[in-house]
Amino acid sequence: MKRQHSKILISFLALIFFSFVAVGCSIKIDTRLDEELSGELKVHFIDVGQADAILIEQDQQYMLIDAGNNNDSDLIVNYLKEQNVEKLQYLIGTHPHEDHIGGADAVINNFDIDQIFMPQVVNNTKTFKDVIAAIKDKKLTITTPNVGDSYKLGDAEWTILAPNSKEYEELNDYSIVVRLVFGNNSFIFMGDAEAKSEDEILEYYENEIASDVLKVGHHGSSSSTSEEFLEAVNPRYAVISAGKDNQYGHPHDEIIARLEEKNIEILRTDESGTIIFSADADGNLKYEMEY
Ligand SMILES: [Zn+2]
C-alpha cells in the first residue's frame, strides 16, 4: 500500500514539474513572437461622412469596426475589395445606430466573416433588422462583448474595454470600445461612447488606456471625451470621423479646444478624407491621407 502511495506521489510531482516546463516553454515562444512582429499594422479611418468605418489589417488578417450608413454600403464593400480583403476575422458593430451598422449587411453579404461582435441591445429599425437578417442568412452568430477579453489579429492584439453595464439610457453608451496594440503602438476606438461609459472605463482601466491614437467618441460631440478621460488616454493623435457641415455641428468647438489645449494633433475625415495610419515593427507610427 505504502509503495502504491509513493508511486502516486512521484507521478503527481512529475506532472507538476512537467507542467512548469511546459509553461516555461510557452512563455519563451511568446517572447520570441513579441520581438519579431511581422509586417506592419494599418488602420484605415474610411471617410464615410457623418458615420464611422475603420478597417484594421495586420499580416493579411482584417477587422472592421463599424460599416458607415446604409448609403455607404457600396463605398465600403469596394474599399475592402481594393484592399484585397476576402475575409474579415472580426466585424464589430459598436452599437445599433444607422451611422455605424448601416453598411454591415452589405459587408456580411460580400465577405467571409469569422466573428461578429455587437452589444446586447436591440434597435427597432429596418437597418438593425437588415443586419440581423444578413447574420441569420449566413448562419453566423453574434458574440456579445465581454469586457477584458482579448483577441489576436496577426501579431496585433485588441481588448474590449466597454460596455461595462447591462443597461444604459443612451444607446451610444452601449458602444463596444476597443484598445488595439501592435508592438509599441496603441489605438483606442470609442464608437459613440459618451462620458457615462468613459467614467466606467476610467473606474476599471484608468492606468491601462494610454494610447497613441484616440478615435474620438461620438464624432467629436461634447457628450464624449471628458477632460479626465482624455487625460488618461493622453494620445498623440485624435481622429474624428464626421461629415462636412453635418446637422449636429460635430465636432463641437469645445472638444476641438480641449484637444488643442493638450497639443494633440487632430485629424478629421471631413477635412482630410480617408486617413490611414501605419505602425511598423520598429515602433514607427505615421499617417497619410487618401484624398
Ligand atoms: Zn455615430
# chains A, B, ... in the order shown; residues from 1 in each chain; ligands from 1
call {"tool": "residues_near_ligand", "arguments": {"ligand": "ligand 1", "cutoff": "9 Å", "atoms": "only C-alpha atoms and all ligand atoms", "output": "PyMOL selection string"}}
result
chain A and resi 50-52+68+95+97-100+172+191-192+217-219+241-242
call {"tool": "write_last_selection", "arguments": {"atoms": "N, CA, C and O atoms", "output": "PDB file, in the first residue's frame"}}
result
ATOM      1  N   GLN A  50     -20.794  61.506 -42.160  1.00  0.00           N
ATOM      2  CA  GLN A  50     -21.204  61.540 -40.747  1.00  0.00           C
ATOM      3  C   GLN A  50     -21.502  60.113 -40.263  1.00  0.00           C
ATOM      4  O   GLN A  50     -22.657  59.713 -40.088  1.00  0.00           O
ATOM      5  N   ALA A  51     -20.443  59.340 -40.064  1.00  0.00           N
ATOM      6  CA  ALA A  51     -20.555  57.918 -39.709  1.00  0.00           C
ATOM      7  C   ALA A  51     -19.162  57.410 -39.362  1.00  0.00           C
ATOM      8  O   ALA A  51     -18.195  58.184 -39.420  1.00  0.00           O
ATOM      9  N   ASP A  52     -19.082  56.134 -39.001  1.00  0.00           N
ATOM     10  CA  ASP A  52     -17.787  55.504 -38.700  1.00  0.00           C
ATOM     11  C   ASP A  52     -17.588  54.251 -39.555  1.00  0.00           C
ATOM     12  O   ASP A  52     -18.551  53.488 -39.750  1.00  0.00           O
ATOM     13  N   GLY A  68     -20.386  52.323 -41.563  1.00  0.00           N
ATOM     14  CA  GLY A  68     -20.989  53.512 -42.155  1.00  0.00           C
ATOM     15  C   GLY A  68     -22.513  53.462 -42.217  1.00  0.00           C
ATOM     16  O   GLY A  68     -23.162  52.604 -41.604  1.00  0.00           O
ATOM     17  N   HIS A  95     -22.515  49.811 -31.960  1.00  0.00           N
ATOM     18  CA  HIS A  95     -23.852  49.943 -31.363  1.00  0.00           C
ATOM     19  C   HIS A  95     -24.833  50.115 -32.516  1.00  0.00           C
ATOM     20  O   HIS A  95     -24.462  50.507 -33.611  1.00  0.00           O
ATOM     21  N   HIS A  97     -26.842  52.012 -34.147  1.00  0.00           N
ATOM     22  CA  HIS A  97     -27.303  53.215 -34.842  1.00  0.00           C
ATOM     23  C   HIS A  97     -26.917  53.096 -36.320  1.00  0.00           C
ATOM     24  O   HIS A  97     -25.869  52.527 -36.648  1.00  0.00           O
ATOM     25  N   GLU A  98     -27.753  53.689 -37.184  1.00  0.00           N
ATOM     26  CA  GLU A  98     -27.545  53.526 -38.629  1.00  0.00           C
ATOM     27  C   GLU A  98     -26.157  53.953 -39.096  1.00  0.00           C
ATOM     28  O   GLU A  98     -25.567  53.325 -39.971  1.00  0.00           O
ATOM     29  N   ASP A  99     -25.609  55.022 -38.502  1.00  0.00           N
ATOM     30  CA  ASP A  99     -24.306  55.525 -38.982  1.00  0.00           C
ATOM     31  C   ASP A  99     -23.140  54.610 -38.585  1.00  0.00           C
ATOM     32  O   ASP A  99     -21.987  54.898 -38.899  1.00  0.00           O
ATOM     33  N   HIS A 100     -23.446  53.500 -37.905  1.00  0.00           N
ATOM     34  CA  HIS A 100     -22.398  52.531 -37.515  1.00  0.00           C
ATOM     35  C   HIS A 100     -22.638  51.141 -38.101  1.00  0.00           C
ATOM     36  O   HIS A 100     -21.692  50.438 -38.420  1.00  0.00           O
ATOM     37  N   ASN A 172     -25.875  55.157 -27.342  1.00  0.00           N
ATOM     38  CA  ASN A 172     -24.443  55.389 -27.620  1.00  0.00           C
ATOM     39  C   ASN A 172     -23.523  54.727 -26.592  1.00  0.00           C
ATOM     40  O   ASN A 172     -22.431  54.274 -26.916  1.00  0.00           O
ATOM     41  N   GLY A 191     -16.139  54.222 -30.644  1.00  0.00           N
ATOM     42  CA  GLY A 191     -17.514  54.190 -31.147  1.00  0.00           C
ATOM     43  C   GLY A 191     -18.167  55.514 -30.819  1.00  0.00           C
ATOM     44  O   GLY A 191     -17.552  56.577 -31.002  1.00  0.00           O
ATOM     45  N   ASP A 192     -19.390  55.479 -30.284  1.00  0.00           N
ATOM     46  CA  ASP A 192     -20.064  56.713 -29.862  1.00  0.00           C
ATOM     47  C   ASP A 192     -20.192  56.769 -28.334  1.00  0.00           C
ATOM     48  O   ASP A 192     -21.073  57.458 -27.798  1.00  0.00           O
ATOM     49  N   GLY A 217     -14.679  59.724 -29.447  1.00  0.00           N
ATOM     50  CA  GLY A 217     -16.040  59.212 -29.293  1.00  0.00           C
ATOM     51  C   GLY A 217     -17.086  60.135 -29.896  1.00  0.00           C
ATOM     52  O   GLY A 217     -16.965  61.362 -29.849  1.00  0.00           O
ATOM     53  N   HIS A 218     -18.122  59.515 -30.485  1.00  0.00           N
ATOM     54  CA  HIS A 218     -19.317  60.216 -30.957  1.00  0.00           C
ATOM     55  C   HIS A 218     -19.014  61.412 -31.865  1.00  0.00           C
ATOM     56  O   HIS A 218     -19.529  62.509 -31.669  1.00  0.00           O
ATOM     57  N   HIS A 219     -18.135  61.190 -32.832  1.00  0.00           N
ATOM     58  CA  HIS A 219     -17.861  62.182 -33.890  1.00  0.00           C
ATOM     59  C   HIS A 219     -17.428  63.553 -33.352  1.00  0.00           C
ATOM     60  O   HIS A 219     -17.632  64.579 -34.006  1.00  0.00           O
ATOM     61  N   SER A 241     -14.179  61.186 -36.962  1.00  0.00           N
ATOM     62  CA  SER A 241     -14.906  60.762 -38.149  1.00  0.00           C
ATOM     63  C   SER A 241     -16.231  61.519 -38.170  1.00  0.00           C
ATOM     64  O   SER A 241     -17.093  61.285 -37.331  1.00  0.00           O
ATOM     65  N   ALA A 242     -16.359  62.471 -39.099  1.00  0.00           N
ATOM     66  CA  ALA A 242     -17.563  63.305 -39.154  1.00  0.00           C
ATOM     67  C   ALA A 242     -17.795  63.766 -40.587  1.00  0.00           C
ATOM     68  O   ALA A 242     -16.878  63.754 -41.411  1.00  0.00           O
TER      69      ALA A 242
END
call {"tool": "residues_around", "arguments": {"residues": "Ala238 (chain A)", "least_positions_apart": "2", "cutoff": "9 Å", "atoms": "only C-alpha atoms", "output": "PDB file with all heavy atoms, in the first residue's frame"}}
result
ATOM      1  N   ASP A 212      -1.590  55.869 -28.332  1.00  0.00           N
ATOM      2  CA  ASP A 212      -1.021  56.846 -29.272  1.00  0.00           C
ATOM      3  C   ASP A 212      -2.105  57.541 -30.086  1.00  0.00           C
ATOM      4  O   ASP A 212      -1.989  58.715 -30.400  1.00  0.00           O
ATOM      5  CB  ASP A 212      -0.043  56.139 -30.226  1.00  0.00           C
ATOM      6  CG  ASP A 212       1.106  55.532 -29.461  1.00  0.00           C
ATOM      7  OD1 ASP A 212       1.945  56.300 -28.977  1.00  0.00           O
ATOM      8  OD2 ASP A 212       1.131  54.296 -29.297  1.00  0.00           O
ATOM      9  N   VAL A 213      -3.139  56.765 -30.446  1.00  0.00           N
ATOM     10  CA  VAL A 213      -4.194  57.328 -31.290  1.00  0.00           C
ATOM     11  C   VAL A 213      -5.550  57.118 -30.622  1.00  0.00           C
ATOM     12  O   VAL A 213      -5.884  56.011 -30.220  1.00  0.00           O
ATOM     13  CB  VAL A 213      -4.206  56.657 -32.696  1.00  0.00           C
ATOM     14  CG1 VAL A 213      -5.302  57.261 -33.571  1.00  0.00           C
ATOM     15  CG2 VAL A 213      -2.845  56.790 -33.371  1.00  0.00           C
ATOM     16  N   LEU A 214      -6.306  58.201 -30.523  1.00  0.00           N
ATOM     17  CA  LEU A 214      -7.673  58.128 -29.988  1.00  0.00           C
ATOM     18  C   LEU A 214      -8.652  58.360 -31.124  1.00  0.00           C
ATOM     19  O   LEU A 214      -8.613  59.412 -31.770  1.00  0.00           O
ATOM     20  CB  LEU A 214      -7.875  59.204 -28.909  1.00  0.00           C
ATOM     21  CG  LEU A 214      -9.320  59.482 -28.461  1.00  0.00           C
ATOM     22  CD1 LEU A 214      -9.902  58.302 -27.685  1.00  0.00           C
ATOM     23  CD2 LEU A 214      -9.396  60.754 -27.610  1.00  0.00           C
ATOM     24  N   LYS A 215      -9.522  57.364 -31.407  1.00  0.00           N
ATOM     25  CA  LYS A 215     -10.647  57.615 -32.318  1.00  0.00           C
ATOM     26  C   LYS A 215     -11.691  58.250 -31.423  1.00  0.00           C
ATOM     27  O   LYS A 215     -12.308  57.599 -30.579  1.00  0.00           O
ATOM     28  CB  LYS A 215     -11.159  56.311 -32.938  1.00  0.00           C
ATOM     29  CG  LYS A 215     -11.993  56.454 -34.212  1.00  0.00           C
ATOM     30  CD  LYS A 215     -13.281  57.254 -34.100  1.00  0.00           C
ATOM     31  CE  LYS A 215     -14.355  56.513 -33.320  1.00  0.00           C
ATOM     32  NZ  LYS A 215     -15.671  57.263 -33.291  1.00  0.00           N
ATOM     33  N   VAL A 216     -11.837  59.553 -31.557  1.00  0.00           N
ATOM     34  CA  VAL A 216     -12.661  60.342 -30.647  1.00  0.00           C
ATOM     35  C   VAL A 216     -14.108  59.824 -30.639  1.00  0.00           C
ATOM     36  O   VAL A 216     -14.677  59.530 -31.691  1.00  0.00           O
ATOM     37  CB  VAL A 216     -12.603  61.827 -31.067  1.00  0.00           C
ATOM     38  CG1 VAL A 216     -13.552  62.676 -30.229  1.00  0.00           C
ATOM     39  CG2 VAL A 216     -11.173  62.344 -30.964  1.00  0.00           C
ATOM     40  N   PRO A 235      -3.383  60.858 -25.839  1.00  0.00           N
ATOM     41  CA  PRO A 235      -2.937  60.450 -27.184  1.00  0.00           C
ATOM     42  C   PRO A 235      -2.058  61.490 -27.873  1.00  0.00           C
ATOM     43  O   PRO A 235      -2.072  62.675 -27.501  1.00  0.00           O
ATOM     44  CB  PRO A 235      -4.264  60.322 -27.940  1.00  0.00           C
ATOM     45  CG  PRO A 235      -5.147  61.349 -27.297  1.00  0.00           C
ATOM     46  CD  PRO A 235      -4.751  61.402 -25.853  1.00  0.00           C
ATOM     47  N   ARG A 236      -1.297  61.030 -28.865  1.00  0.00           N
ATOM     48  CA  ARG A 236      -0.554  61.952 -29.734  1.00  0.00           C
ATOM     49  C   ARG A 236      -1.459  62.452 -30.844  1.00  0.00           C
ATOM     50  O   ARG A 236      -1.348  63.557 -31.314  1.00  0.00           O
ATOM     51  CB  ARG A 236       0.640  61.223 -30.373  1.00  0.00           C
ATOM     52  CG  ARG A 236       1.811  61.004 -29.449  1.00  0.00           C
ATOM     53  CD  ARG A 236       2.697  59.891 -29.967  1.00  0.00           C
ATOM     54  NE  ARG A 236       3.303  60.209 -31.253  1.00  0.00           N
ATOM     55  CZ  ARG A 236       3.913  59.309 -32.028  1.00  0.00           C
ATOM     56  NH1 ARG A 236       3.970  58.041 -31.649  1.00  0.00           N
ATOM     57  NH2 ARG A 236       4.449  59.657 -33.168  1.00  0.00           N
ATOM     58  N   ILE A 240     -11.115  62.228 -35.796  1.00  0.00           N
ATOM     59  CA  ILE A 240     -12.556  62.488 -35.722  1.00  0.00           C
ATOM     60  C   ILE A 240     -13.195  62.084 -37.047  1.00  0.00           C
ATOM     61  O   ILE A 240     -12.772  62.554 -38.105  1.00  0.00           O
ATOM     62  CB  ILE A 240     -12.828  63.976 -35.420  1.00  0.00           C
ATOM     63  CG1 ILE A 240     -12.250  64.335 -34.038  1.00  0.00           C
ATOM     64  CG2 ILE A 240     -14.330  64.272 -35.480  1.00  0.00           C
ATOM     65  CD1 ILE A 240     -12.275  65.815 -33.714  1.00  0.00           C
ATOM     66  N   LEU A 259      -8.751  69.291 -27.172  1.00  0.00           N
ATOM     67  CA  LEU A 259      -7.665  68.530 -27.807  1.00  0.00           C
ATOM     68  C   LEU A 259      -6.477  69.444 -28.103  1.00  0.00           C
ATOM     69  O   LEU A 259      -5.317  69.092 -27.873  1.00  0.00           O
ATOM     70  CB  LEU A 259      -8.156  67.862 -29.097  1.00  0.00           C
ATOM     71  CG  LEU A 259      -9.254  66.796 -28.943  1.00  0.00           C
ATOM     72  CD1 LEU A 259      -9.883  66.465 -30.294  1.00  0.00           C
ATOM     73  CD2 LEU A 259      -8.686  65.530 -28.309  1.00  0.00           C
ATOM     74  N   ILE A 264      -2.597  67.924 -28.962  1.00  0.00           N
ATOM     75  CA  ILE A 264      -2.863  66.656 -29.657  1.00  0.00           C
ATOM     76  C   ILE A 264      -3.126  66.989 -31.125  1.00  0.00           C
ATOM     77  O   ILE A 264      -3.888  67.913 -31.429  1.00  0.00           O
ATOM     78  CB  ILE A 264      -4.086  65.941 -29.028  1.00  0.00           C
ATOM     79  CG1 ILE A 264      -3.791  65.602 -27.561  1.00  0.00           C
ATOM     80  CG2 ILE A 264      -4.463  64.701 -29.825  1.00  0.00           C
ATOM     81  CD1 ILE A 264      -5.019  65.272 -26.735  1.00  0.00           C
ATOM     82  N   GLU A 265      -2.483  66.265 -32.022  1.00  0.00           N
ATOM     83  CA  GLU A 265      -2.698  66.522 -33.451  1.00  0.00           C
ATOM     84  C   GLU A 265      -4.078  65.982 -33.850  1.00  0.00           C
ATOM     85  O   GLU A 265      -4.383  64.811 -33.626  1.00  0.00           O
ATOM     86  CB  GLU A 265      -1.598  65.849 -34.277  1.00  0.00           C
ATOM     87  CG  GLU A 265      -1.637  66.288 -35.718  1.00  0.00           C
ATOM     88  CD  GLU A 265      -0.419  65.818 -36.518  1.00  0.00           C
ATOM     89  OE1 GLU A 265       0.609  65.442 -35.914  1.00  0.00           O
ATOM     90  OE2 GLU A 265      -0.530  65.832 -37.752  1.00  0.00           O
ATOM     91  N   ILE A 266      -4.895  66.854 -34.426  1.00  0.00           N
ATOM     92  CA  ILE A 266      -6.268  66.469 -34.768  1.00  0.00           C
ATOM     93  C   ILE A 266      -6.368  66.151 -36.254  1.00  0.00           C
ATOM     94  O   ILE A 266      -5.956  66.944 -37.103  1.00  0.00           O
ATOM     95  CB  ILE A 266      -7.254  67.612 -34.430  1.00  0.00           C
ATOM     96  CG1 ILE A 266      -7.142  67.971 -32.940  1.00  0.00           C
ATOM     97  CG2 ILE A 266      -8.686  67.232 -34.803  1.00  0.00           C
ATOM     98  CD1 ILE A 266      -7.834  69.278 -32.567  1.00  0.00           C
ATOM     99  N   LEU A 267      -6.930  64.991 -36.571  1.00  0.00           N
ATOM    100  CA  LEU A 267      -7.149  64.590 -37.962  1.00  0.00           C
ATOM    101  C   LEU A 267      -8.639  64.345 -38.133  1.00  0.00           C
ATOM    102  O   LEU A 267      -9.245  63.655 -37.323  1.00  0.00           O
ATOM    103  CB  LEU A 267      -6.358  63.312 -38.271  1.00  0.00           C
ATOM    104  CG  LEU A 267      -4.837  63.445 -38.084  1.00  0.00           C
ATOM    105  CD1 LEU A 267      -4.182  62.084 -37.974  1.00  0.00           C
ATOM    106  CD2 LEU A 267      -4.238  64.233 -39.235  1.00  0.00           C
ATOM    107  N   ARG A 268      -9.214  64.928 -39.178  1.00  0.00           N
ATOM    108  CA  ARG A 268     -10.666  64.845 -39.369  1.00  0.00           C
ATOM    109  C   ARG A 268     -11.002  64.311 -40.757  1.00  0.00           C
ATOM    110  O   ARG A 268     -10.492  64.824 -41.747  1.00  0.00           O
ATOM    111  CB  ARG A 268     -11.283  66.242 -39.211  1.00  0.00           C
ATOM    112  CG  ARG A 268     -11.042  66.853 -37.868  1.00  0.00           C
ATOM    113  CD  ARG A 268     -11.394  68.328 -37.833  1.00  0.00           C
ATOM    114  NE  ARG A 268     -12.739  68.631 -38.318  1.00  0.00           N
ATOM    115  CZ  ARG A 268     -13.356  69.797 -38.084  1.00  0.00           C
ATOM    116  NH1 ARG A 268     -12.759  70.733 -37.356  1.00  0.00           N
ATOM    117  NH2 ARG A 268     -14.562  70.029 -38.569  1.00  0.00           N
TER     118      ARG A 268
END
call {"tool": "residues_around", "arguments": {"residues": "region 274-290 of chain A", "least_positions_apart": "5", "cutoff": "12 Å", "atoms": "only C-alpha atoms", "output": "MDAnalysis selection string"}}
result
chainID A and resid 33:49 52:59 75:76 79 155:156 180:187 212:215 236:243 265:269
call {"tool": "atom_distance", "arguments": {"atom1": "CA of Ile176 (chain A)", "atom2": "CA of Glu254 (chain A)"}}
result
24.4 Å
call {"tool": "select_by_dssp", "arguments": {"residues": "region 7-250 of chain A", "states": "strand (DSSP E or B)", "output": "ChimeraX atom specification"}}
result
/A:41-45,54-58,61-65,87-92,112-117,142-143,150-153,156-162,177-182,185-189,213-215,237-240
call {"tool": "closest_residue", "arguments": {"among": "A:Glu208, A:Glu194, A:Asp112, A:Glu167", "to": "Ser224 (chain A)", "atoms": "only C-alpha atoms"}}
result
A:Glu194
call {"tool": "residues_around", "arguments": {"residues": "region 134-151 of chain A", "least_positions_apart": "6", "cutoff": "8 Å", "atoms": "only C-alpha atoms", "output": "list in words"}}
result
Asp105, Ile108, Asn109, Gln115, Ile116, Phe117, Met118, Pro119, Gln120, Glu157, Trp158, Thr159, Ile160, Leu161, Ala162, Pro163, Asn164 and Ile176 of chain A
call {"tool": "write_last_selection", "arguments": {"atoms": "N, CA, C and O atoms", "output": "compact mmCIF listing (two decimals), in the first residue's frame"}}
result
# COMPACT_ATOMS: atom_id res chain seq x y z
N ASP A 105 -24.84 44.91 -43.28
CA ASP A 105 -25.45 43.79 -44.01
C ASP A 105 -24.74 43.56 -45.34
O ASP A 105 -24.50 42.42 -45.74
N ILE A 108 -21.51 41.80 -44.64
CA ILE A 108 -21.76 40.39 -44.30
C ILE A 108 -22.07 39.59 -45.58
O ILE A 108 -21.60 38.47 -45.75
N ASN A 109 -22.84 40.21 -46.48
CA ASN A 109 -23.20 39.50 -47.72
C ASN A 109 -22.03 39.33 -48.68
O ASN A 109 -22.03 38.43 -49.52
N GLN A 115 -16.06 36.21 -37.01
CA GLN A 115 -16.74 36.53 -35.75
C GLN A 115 -17.34 37.93 -35.78
O GLN A 115 -16.67 38.88 -36.17
N ILE A 116 -18.59 38.02 -35.39
CA ILE A 116 -19.28 39.32 -35.35
C ILE A 116 -19.58 39.68 -33.90
O ILE A 116 -20.10 38.87 -33.15
N PHE A 117 -19.21 40.91 -33.54
CA PHE A 117 -19.47 41.40 -32.19
C PHE A 117 -20.51 42.52 -32.24
O PHE A 117 -20.36 43.46 -33.03
N MET A 118 -21.51 42.42 -31.40
CA MET A 118 -22.48 43.51 -31.24
C MET A 118 -22.90 43.53 -29.78
O MET A 118 -22.97 42.48 -29.14
N PRO A 119 -23.19 44.74 -29.24
CA PRO A 119 -23.61 44.79 -27.83
C PRO A 119 -25.00 44.19 -27.68
O PRO A 119 -25.76 44.09 -28.65
N GLN A 120 -25.33 43.80 -26.46
CA GLN A 120 -26.61 43.15 -26.20
C GLN A 120 -27.72 44.18 -26.05
O GLN A 120 -28.20 44.45 -24.95
N GLU A 157 -2.95 42.77 -31.01
CA GLU A 157 -3.91 42.25 -30.05
C GLU A 157 -4.89 43.34 -29.67
O GLU A 157 -4.50 44.49 -29.48
N TRP A 158 -6.15 43.00 -29.59
CA TRP A 158 -7.14 44.01 -29.17
C TRP A 158 -7.96 43.50 -28.00
O TRP A 158 -8.18 42.31 -27.85
N THR A 159 -8.36 44.46 -27.18
CA THR A 159 -9.06 44.14 -25.93
C THR A 159 -10.34 44.96 -25.83
O THR A 159 -10.37 46.13 -26.23
N ILE A 160 -11.37 44.34 -25.32
CA ILE A 160 -12.66 45.03 -25.13
C ILE A 160 -12.66 45.78 -23.80
O ILE A 160 -12.37 45.20 -22.75
N LEU A 161 -12.95 47.09 -23.85
CA LEU A 161 -12.95 47.92 -22.64
C LEU A 161 -14.37 48.34 -22.20
O LEU A 161 -14.56 48.82 -21.08
N ALA A 162 -15.34 48.22 -23.10
CA ALA A 162 -16.71 48.63 -22.79
C ALA A 162 -17.64 47.94 -23.80
O ALA A 162 -17.16 47.52 -24.85
N PRO A 163 -18.94 47.81 -23.49
CA PRO A 163 -19.69 48.41 -22.38
C PRO A 163 -19.53 47.63 -21.06
O PRO A 163 -19.44 46.42 -21.06
N ASN A 164 -19.50 48.39 -19.96
CA ASN A 164 -19.31 47.80 -18.63
C ASN A 164 -20.60 47.56 -17.87
O ASN A 164 -20.57 46.92 -16.82
N ILE A 176 -19.26 49.33 -28.16
CA ILE A 176 -18.12 48.46 -27.85
C ILE A 176 -16.87 49.32 -28.03
O ILE A 176 -16.64 49.88 -29.10
call {"tool": "closest_residue", "arguments": {"among": "A:Asp199, A:Asp130, A:Asp66, A:Asp270", "to": "Leu91 (chain A)", "atoms": "only C-alpha atoms"}}
result
A:Asp66
call {"tool": "closest_residue", "arguments": {"among": "A:Ile132, A:Ile209, A:Met190, A:Met63", "to": "Asn234 (chain A)", "atoms": "only C-alpha atoms"}}
result
A:Ile209
call {"tool": "atom_distance", "arguments": {"atom1": "CA of Ala257 (chain A)", "atom2": "CA of Glu169 (chain A)"}}
result
27.6 Å
call {"tool": "atom_distance", "arguments": {"atom1": "CA of Leu153 (chain A)", "atom2": "CA of Tyr90 (chain A)"}}
result
8.7 Å
call {"tool": "select_by_dssp", "arguments": {"residues": "region 56-192 of chain A", "states": "helix (DSSP H, G or I)", "output": "PyMOL selection string"}}
result
chain A and resi 70-82+98-101+104-110+126-137+171-174
call {"tool": "residues_around", "arguments": {"residues": "Pro96 (chain A)", "least_positions_apart": "4", "cutoff": "7 Å", "atoms": "only C-alpha atoms", "output": "ChimeraX atom specification"}}
result
/A:100-101,122-123,128
call {"tool": "closest_residue", "arguments": {"among": "A:Ile92, A:Asn84, A:Gly154, A:Glu271", "to": "Leu64 (chain A)", "atoms": "only C-alpha atoms"}}
result
A:Ile92
call {"tool": "decode", "arguments": {"residues": "region 48-60 of chain A", "atoms": "N, CA and C atoms", "output": "PDB file, in the first residue's frame"}}
result
ATOM      1  N   VAL A  48     -16.570  58.094 -44.466  1.00  0.00           N
ATOM      2  CA  VAL A  48     -17.966  57.733 -44.758  1.00  0.00           C
ATOM      3  C   VAL A  48     -18.887  58.867 -44.292  1.00  0.00           C
ATOM      4  N   GLY A  49     -18.378  60.111 -44.381  1.00  0.00           N
ATOM      5  CA  GLY A  49     -19.199  61.243 -43.970  1.00  0.00           C
ATOM      6  C   GLY A  49     -19.529  61.179 -42.488  1.00  0.00           C
ATOM      7  N   GLN A  50     -20.794  61.506 -42.160  1.00  0.00           N
ATOM      8  CA  GLN A  50     -21.204  61.540 -40.747  1.00  0.00           C
ATOM      9  C   GLN A  50     -21.502  60.113 -40.263  1.00  0.00           C
ATOM     10  N   ALA A  51     -20.443  59.340 -40.064  1.00  0.00           N
ATOM     11  CA  ALA A  51     -20.555  57.918 -39.709  1.00  0.00           C
ATOM     12  C   ALA A  51     -19.162  57.410 -39.362  1.00  0.00           C
ATOM     13  N   ASP A  52     -19.082  56.134 -39.001  1.00  0.00           N
ATOM     14  CA  ASP A  52     -17.787  55.504 -38.700  1.00  0.00           C
ATOM     15  C   ASP A  52     -17.588  54.251 -39.555  1.00  0.00           C
ATOM     16  N   ALA A  53     -16.370  54.026 -39.999  1.00  0.00           N
ATOM     17  CA  ALA A  53     -15.973  52.749 -40.617  1.00  0.00           C
ATOM     18  C   ALA A  53     -14.451  52.693 -40.552  1.00  0.00           C
ATOM     19  N   ILE A  54     -13.942  51.708 -39.821  1.00  0.00           N
ATOM     20  CA  ILE A  54     -12.495  51.617 -39.596  1.00  0.00           C
ATOM     21  C   ILE A  54     -12.017  50.216 -39.959  1.00  0.00           C
ATOM     22  N   LEU A  55     -11.111  50.140 -40.937  1.00  0.00           N
ATOM     23  CA  LEU A  55     -10.559  48.849 -41.352  1.00  0.00           C
ATOM     24  C   LEU A  55      -9.162  48.707 -40.754  1.00  0.00           C
ATOM     25  N   ILE A  56      -8.931  47.580 -40.107  1.00  0.00           N
ATOM     26  CA  ILE A  56      -7.622  47.334 -39.494  1.00  0.00           C
ATOM     27  C   ILE A  56      -7.024  46.093 -40.141  1.00  0.00           C
ATOM     28  N   GLU A  57      -5.752  46.169 -40.550  1.00  0.00           N
ATOM     29  CA  GLU A  57      -5.114  44.996 -41.143  1.00  0.00           C
ATOM     30  C   GLU A  57      -3.747  44.728 -40.539  1.00  0.00           C
ATOM     31  N   GLN A  58      -3.456  43.460 -40.324  1.00  0.00           N
ATOM     32  CA  GLN A  58      -2.150  43.048 -39.827  1.00  0.00           C
ATOM     33  C   GLN A  58      -1.902  41.633 -40.340  1.00  0.00           C
ATOM     34  N   ASP A  59      -0.796  41.497 -41.061  1.00  0.00           N
ATOM     35  CA  ASP A  59      -0.381  40.183 -41.567  1.00  0.00           C
ATOM     36  C   ASP A  59      -1.531  39.473 -42.296  1.00  0.00           C
ATOM     37  N   GLN A  60      -2.177  40.226 -43.198  1.00  0.00           N
ATOM     38  CA  GLN A  60      -3.277  39.709 -44.035  1.00  0.00           C
ATOM     39  C   GLN A  60      -4.484  39.227 -43.241  1.00  0.00           C
TER      40      GLN A  60
END
